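Structure record follows, encoded as C-alpha cells.
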Amino acid sequence: MASDSGDRGSQCTLEFAVQMTCQSCVDAVQKSLKGVEGVQSVEVQLENQMVLVQTTLTSQEVQALLEATGRQAVLKGMGSSHLQNLGAAVAILGGSGSVQGVVRFLQLTPERCLIEGTIGGLEPGLHGLHVHQYGDLTKGCSSCGEHYNPDGTSHGGPQDSDRHRGDLGNIHADGDGQAVFRLEDEQLKVWDVIGRSLVVDEGEDDLGQGGHPLSKVTGNSGERLACGIIARSAGLFQNPKQICSCDGLTIWEERGRPIAGEGRKDSAQPSAHL
Ligand code: ZN
C-alpha cells in the first residue's frame, strides 16, 4: 500500500493538551518524543499547553510517551498532516459486558481513511471489527443492523475488493485483553459512516474464507460485544477557523461525554458531503 512513511502507514497530526508550567516541562515533553520511531515532528506550545505531534503511531502510544513524563496528556484532536479537514469522527464503544473502547476515524485524503483506537476488556486474540448500517442502539448492539453494505456485496476481508464497505477485518487483543490498532482503508469514507455504528465482535472474522454458512455474511465472528454510534468530531482543534471548514458543529469533546445525537435508522445515503 502506498503511504507517506513506509510500513506504519500515513502520518497524521495529533493535538494533545499537556500540563506544562515552565521551559523545563517543554524540554521534558520534547525529550519524551525525541528520536522515537514513528514520530516525525513535535511542536510544543507552552502558552497554549499544547503539543502537536506528526506521527504514524497510535494516539494511545503517543499519549503513553507523553504521560511517562509524569504529566497528564489529553488528546484534543486529530487531523491530517496536510492540514486539510476532510472529516473526522469518533465512536465510544460499550456494551452489556466489560468491553469498552474509543475509536477515531480521520479522512486523510479523499481516498484514504485512518481508523485508530483502543478497545479493552476483550478476550486475548482476534476480534472482528465492522461498521454497521444503523446508529441505532435502542436494543443495544442488536439494533445496529448488518454490516454497512451499500453495494450489496458479500462479506470479505479489508484487503478484498469484494467485501462489505464496513468490513474492517480483525483487531488483536493482547494478553491483557487490550487492542490498540491503527489501520487505513480506501473503501470507507468518514462522511459515509457518520451516524452509523462500529461494533466489535466476540470472535475472529474469517474474512469470508471460513466455509461456514455465515462466512459470506458476517465472517462468522460471533456475538456483538460492544458498539457505539460513529459521531462527527471536529478533527484538529488548533486554530479551527484556519484549518477546518467547521460549521461550528462540534459534537464531541474528549474531556466530556460524547454528544452523539441521533444515529441513522434507515438506509438512506447522506444528503450532502460534510
Ligand atoms: Zn461484512
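Labels for the C-alpha cells follow display order: chains A, B, ..., residues from 1 in each chain, ligands from 1.
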Using only C-alpha atoms and all ligand atoms, find each residue in chain A having at least one atom no more than 7 Å away from ligand 1; report its shortest atom-to-atom pair and that distance in Å (one decimal), rows by chain then rising number, as a tab-separated table.
```
residue	atom	partner	partner_atom_place_in_ligand_line	distance
A:His130	CA	ligand 1	1 (Zn)	6.8
A:His147	CA	ligand 1	1 (Zn)	4.9
A:Ser154	CA	ligand 1	1 (Zn)	6.9
A:His155	CA	ligand 1	1 (Zn)	3.9
A:Gly156	CA	ligand 1	1 (Zn)	6.0
A:Arg163	CA	ligand 1	1 (Zn)	6.5
A:His164	CA	ligand 1	1 (Zn)	4.7
A:Gly166	CA	ligand 1	1 (Zn)	6.1
A:Asp167	CA	ligand 1	1 (Zn)	4.7
A:Val217	CA	ligand 1	1 (Zn)	6.0
A:Thr218	CA	ligand 1	1 (Zn)	4.9
A:Gly219	CA	ligand 1	1 (Zn)	6.5
```
Filtered DSSP result for stretch 122-225 of chain A, state helix (DSSP H, G or I), as a list of chain:residue names: A:Val190, A:Trp191, A:Asp192, A:Val193
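Using only C-alpha atoms, the contacts of A:Asp206 at a cut-off of 12 Å, with sequence neighbours closer than 6 positions omitted, comprise Leu126, His127, Gly128, Leu129, His155, Gly156, Gly157, Pro158, Asp167, Leu168, Gly169, Asn170, His212, Pro213, Leu214, Ser215, Lys216, Val217, Thr218, Gly219, Asn220, Ser221 and Gly222 of chain A.
Remark: for A:Glu186, the closest of the candidate residues A:Gln100, A:Gln107, A:Ser59, A:Ser142 is A:Gln107 (distances computed over only C-alpha atoms).
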Selected residue, from A:Ala89, A:Ser98, A:Gln63, A:Arg182, that lies nearest to A:Cys12 when counting only C-alpha atoms: A:Arg182
